[in-house]
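Report on the structure given below.
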Amino acid sequence: MVNCSSITQDMPIGIITYDFNHLKTQTLVSGLINTKGYRNIKLIALPFKTREQRQEVFSHRPSQFNAKTTKQIAADYNLEFINWNGKDRLHSCEIYLIGGAGILDAFAIKESKIVNAHGGIIPSVRGLDSFKWAIYHQRKMGVSLHYIDERVDVGELISIKHTKLFSHDSIEDFANRHYQLELDMLINFEYHINNPSISIHESFPPTMRMPSEKEKEIVLKFKEYKHKFVEA
């Protein structure tokens with residue numbers, strides 16, 4: 001693991017993201033600079049590939065397009081902006097954080113420490129739409145901070161935090177708290193590396209986007225989910 005005692009506020013930290021509007025990156029940069037005091041951040045931007053839009057029955061995350069472009073974010077904070085093809089090996093930072101990315105090329109990331117906040121408890125909930133699949137399969141909700149490798153959400157774990165669920169929560173309340181926990185863990189990556197907290201969970205295969213016919217069941221399944229996992 002990275003020894004975070006060696007990470008200073010001036011040490012370069014890379015944020016892997018997209019060359020496009022991206023809310024998570026905007027929030028992450030703001031938190032690292034304004035809350036944690038990091039000063040030397042590089043935005044490493046992958047080409048953004050549009051995909052066919054689908055009508056979601058329930059959106060568990062805010063639209064990432066409701067934000068500035070990552071190039072404008074870099075300009076606002078006077079950060080270095082690097083266009084990256086996703087193939088060349090990363091080498092300019094001791095540690096990288098995932099703001100937004102798909103599965104990265106194994107050669108490009110081979111010698112890099114790249115931290116991701118995955119919106120599911122690894123290895124129980126892996127892949128896409130983790131929030132929805134956790135409710136669908138009635139599995140504990142949480143966020144996993146981990147180092148990435150060439151596999152899908154299986155890299156070395158740093159810390160797991162469960163998402164709190166209260167009796168008065170709507171599914172929208174729960175989804176928002178879960179998303180905020182993901183951001184908080186990534187912004188506070190240094191603390192979690194130095195204070196790891198890992199729990200053991202059963203392993204399941206990674207998931208793809210949830211089909212609409214299953215997504216329609218989520219709101220009803222949430223009632224059962226609350227009965228099983230509510231804290232207070």
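By convention here, the chains of the structure tokens are called A, B, ... in the order presented, each chain's residues are numbered starting at 1, and ligands are numbered starting at 1 in the order presented.
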Long-range neighbours of region 59-61 of chain A as a ChimeraX atom specification, 10 Å cut-off, only C-alpha atoms, 3 positions minimum in chain: /A:55-56,64,129-132,171-176,178-180,215
Output of the above residues as a tab-separated table (two decimals), in the first residue's frame, restricted to N, CA, C and O atoms:
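Dumped to selection15.tsv:
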chain	number	residue	atom	x	y	z
A	55	GLN	N	-34.09	5.13	-20.67
A	55	GLN	CA	-34.98	5.73	-19.69
A	55	GLN	C	-34.91	4.94	-18.40
A	55	GLN	O	-35.32	3.78	-18.33
A	56	GLU	N	-34.35	5.57	-17.36
A	56	GLU	CA	-34.27	4.89	-16.08
A	56	GLU	C	-35.58	5.02	-15.33
A	56	GLU	O	-36.20	6.08	-15.32
A	64	GLN	N	-24.39	13.34	-13.99
A	64	GLN	CA	-23.01	13.79	-13.99
A	64	GLN	C	-22.79	14.93	-14.99
A	64	GLN	O	-21.77	15.62	-14.94
A	129	ASP	N	-24.46	-0.36	-11.66
A	129	ASP	CA	-25.73	-0.23	-10.94
A	129	ASP	C	-25.70	-0.95	-9.60
A	129	ASP	O	-26.67	-1.61	-9.19
A	130	SER	N	-24.60	-0.80	-8.87
A	130	SER	CA	-24.42	-1.53	-7.62
A	130	SER	C	-25.51	-1.22	-6.60
A	130	SER	O	-25.96	-2.11	-5.87
A	131	PHE	N	-25.90	0.04	-6.51
A	131	PHE	CA	-26.96	0.41	-5.55
A	131	PHE	C	-28.24	-0.37	-5.82
A	131	PHE	O	-28.85	-0.94	-4.90
A	132	LYS	N	-28.62	-0.43	-7.07
A	132	LYS	CA	-29.87	-1.10	-7.43
A	132	LYS	C	-29.77	-2.61	-7.23
A	132	LYS	O	-30.69	-3.25	-6.70
A	171	ILE	N	-36.28	5.89	-0.71
A	171	ILE	CA	-35.20	5.32	-1.50
A	171	ILE	C	-34.29	6.42	-2.04
A	171	ILE	O	-33.08	6.23	-2.18
A	172	GLU	N	-34.87	7.61	-2.29
A	172	GLU	CA	-34.07	8.74	-2.75
A	172	GLU	C	-33.13	9.22	-1.65
A	172	GLU	O	-31.97	9.56	-1.92
A	173	ASP	N	-33.60	9.25	-0.40
A	173	ASP	CA	-32.75	9.62	0.73
A	173	ASP	C	-31.56	8.67	0.84
A	173	ASP	O	-30.42	9.09	1.02
A	174	PHE	N	-31.87	7.40	0.75
A	174	PHE	CA	-30.85	6.36	0.90
A	174	PHE	C	-29.83	6.45	-0.23
A	174	PHE	O	-28.62	6.35	-0.01
A	175	ALA	N	-30.31	6.66	-1.44
A	175	ALA	CA	-29.41	6.76	-2.60
A	175	ALA	C	-28.49	7.97	-2.46
A	175	ALA	O	-27.29	7.89	-2.77
A	176	ASN	N	-29.04	9.09	-2.01
A	176	ASN	CA	-28.22	10.30	-1.86
A	176	ASN	C	-27.16	10.11	-0.78
A	176	ASN	O	-26.00	10.51	-0.97
A	178	HIS	N	-25.81	7.33	0.11
A	178	HIS	CA	-24.84	6.38	-0.44
A	178	HIS	C	-23.86	7.09	-1.38
A	178	HIS	O	-22.65	6.86	-1.32
A	179	TYR	N	-24.37	7.94	-2.23
A	179	TYR	CA	-23.52	8.70	-3.17
A	179	TYR	C	-22.58	9.63	-2.41
A	179	TYR	O	-21.40	9.75	-2.75
A	180	GLN	N	-23.09	10.28	-1.36
A	180	GLN	CA	-22.25	11.18	-0.57
A	180	GLN	C	-21.16	10.42	0.17
A	180	GLN	O	-20.04	10.93	0.33
A	215	GLU	N	-35.64	-3.18	-12.86
A	215	GLU	CA	-35.57	-1.89	-12.18
A	215	GLU	C	-36.94	-1.47	-11.64
A	215	GLU	O	-37.03	-0.82	-10.59
Nearby residues (only C-alpha atoms) at most 12 Å from Gly120 (chain A), same-chain spacing under 2 positions excluded, as a ChimeraX atom specification: /A:116-118,122-135,139-146,153-154,159-163,175,178-179,181-182,201,203-204,206-207
Long-range neighbours of Asp10 (chain A) as number ranges by chain, 12 Å cut-off, only C-alpha atoms, 2 positions minimum in chain: A: 6-8, 12-13, 32-33, 36-42, 93-94
Given only C-alpha atoms as the counted atoms, nearest of A:Ile193, A:Ile73, A:Val57, A:Ile218 to Tyr136 (chain A):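 The closest residue to Tyr136 (chain A) is A:Ile218.
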Run DSSP on the backbone and grab whatever in chain A lands in strand (DSSP E or B); send it over as a ChimeraX atom specification. /A:13-18,21,41-46,69,80-83,95-98,114-118,127,142-147,157-162,197,207
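Of the listed residues (A:Gly102, A:Asn195, A:Arg209, A:Phe166), A:Phe166 comes nearest to Lys223 (chain A); the distances count only C-alpha atoms.
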My list of candidates is A:Met11, A:Phe58, A:Ala45, A:Arg177. Which is closest to Glu213 (chain A) when distances are computed with only C-alpha atoms? A:Phe58
When you look at Tyr147 (chain A) with a cut-off of 7 Å (counting only C-alpha atoms), what residues show up, excluding the ones that are within fewer than 4 positions of it in the same chain? I need them as a VMD selection string. chain A and resid 113 to 116 155 to 157
Just to be explicit: take each residue in the selection above, keep N, CA and C atoms, and write the result as a short mmCIF file (atom, residue, chain, number, x, y, z; two decimals), in the first residue's frame.
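Writing the result to result-v7.cif gives the following:
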data_model
loop_
_atom_site.label_atom_id
_atom_site.label_comp_id
_atom_site.auth_asym_id
_atom_site.auth_seq_id
_atom_site.Cartn_x
_atom_site.Cartn_y
_atom_site.Cartn_z
N LYS A 113 -0.51 3.21 -8.46
CA LYS A 113 -1.46 3.04 -7.37
C LYS A 113 -2.67 3.91 -7.67
N ILE A 114 -3.78 3.26 -8.01
CA ILE A 114 -4.99 3.96 -8.42
C ILE A 114 -6.12 3.57 -7.47
N VAL A 115 -6.69 4.56 -6.81
CA VAL A 115 -7.73 4.33 -5.80
C VAL A 115 -9.10 4.63 -6.38
N ASN A 116 -10.01 3.70 -6.16
CA ASN A 116 -11.39 3.86 -6.62
C ASN A 116 -12.35 3.71 -5.45
N GLY A 155 -9.80 -5.43 -6.94
CA GLY A 155 -8.48 -5.00 -6.48
C GLY A 155 -8.37 -4.95 -4.96
N GLU A 156 -7.14 -4.82 -4.48
CA GLU A 156 -6.84 -4.83 -3.06
C GLU A 156 -7.69 -3.81 -2.30
N LEU A 157 -8.39 -4.31 -1.29
CA LEU A 157 -9.29 -3.44 -0.51
C LEU A 157 -8.51 -2.55 0.44
#
Could you pull out all residues of region 53-126 of chain A with a DSSP call of alpha helix (DSSP H) and give them as a list of chain:residue names? A:Thr70, A:Lys71, A:Gln72, A:Ile73, A:Ala74, A:Ala75, A:Asp76, A:Ala106, A:Phe107, A:Ala108, A:Ile109
Atoms kept (N, CA, C and O atoms) for selection, written as a CSV table (one decimal), in the first residue's frame:
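Result written to part-v3.csv:
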chain,number,residue,atom,x,y,z
A,70,THR,N,-14.5,19.1,-17.4
A,70,THR,CA,-13.3,18.9,-16.6
A,70,THR,C,-12.1,19.9,-17.0
A,70,THR,O,-11.3,20.3,-16.1
A,71,LYS,N,-12.1,20.3,-18.2
A,71,LYS,CA,-11.1,21.3,-18.7
A,71,LYS,C,-11.4,22.6,-18.0
A,71,LYS,O,-10.5,23.3,-17.6
A,72,GLN,N,-12.7,23.0,-17.8
A,72,GLN,CA,-13.0,24.2,-17.2
A,72,GLN,C,-12.7,24.1,-15.7
A,72,GLN,O,-12.3,25.1,-15.1
A,73,ILE,N,-12.9,23.0,-15.1
A,73,ILE,CA,-12.6,22.8,-13.7
A,73,ILE,C,-11.1,23.0,-13.5
A,73,ILE,O,-10.7,23.6,-12.5
A,74,ALA,N,-10.3,22.4,-14.3
A,74,ALA,CA,-8.9,22.6,-14.2
A,74,ALA,C,-8.5,24.0,-14.4
A,74,ALA,O,-7.6,24.5,-13.6
A,75,ALA,N,-9.1,24.8,-15.3
A,75,ALA,CA,-8.8,26.2,-15.5
A,75,ALA,C,-9.2,27.0,-14.2
A,75,ALA,O,-8.5,27.9,-13.8
A,76,ASP,N,-10.4,26.7,-13.6
A,76,ASP,CA,-10.8,27.4,-12.5
A,76,ASP,C,-9.9,27.3,-11.3
A,76,ASP,O,-9.7,28.3,-10.5
A,106,ALA,N,-4.7,-2.8,-18.8
A,106,ALA,CA,-3.8,-3.4,-17.8
A,106,ALA,C,-2.4,-2.9,-17.9
A,106,ALA,O,-1.7,-2.7,-16.9
A,107,PHE,N,-1.9,-2.7,-19.1
A,107,PHE,CA,-0.5,-2.1,-19.3
A,107,PHE,C,-0.4,-0.7,-18.7
A,107,PHE,O,0.6,-0.4,-18.0
A,108,ALA,N,-1.4,0.1,-19.0
A,108,ALA,CA,-1.3,1.5,-18.6
A,108,ALA,C,-1.3,1.7,-17.1
A,108,ALA,O,-0.7,2.6,-16.6
A,109,ILE,N,-1.9,0.8,-16.3
A,109,ILE,CA,-2.1,1.0,-14.9
A,109,ILE,C,-1.1,0.0,-14.1
A,109,ILE,O,-1.1,0.1,-12.9
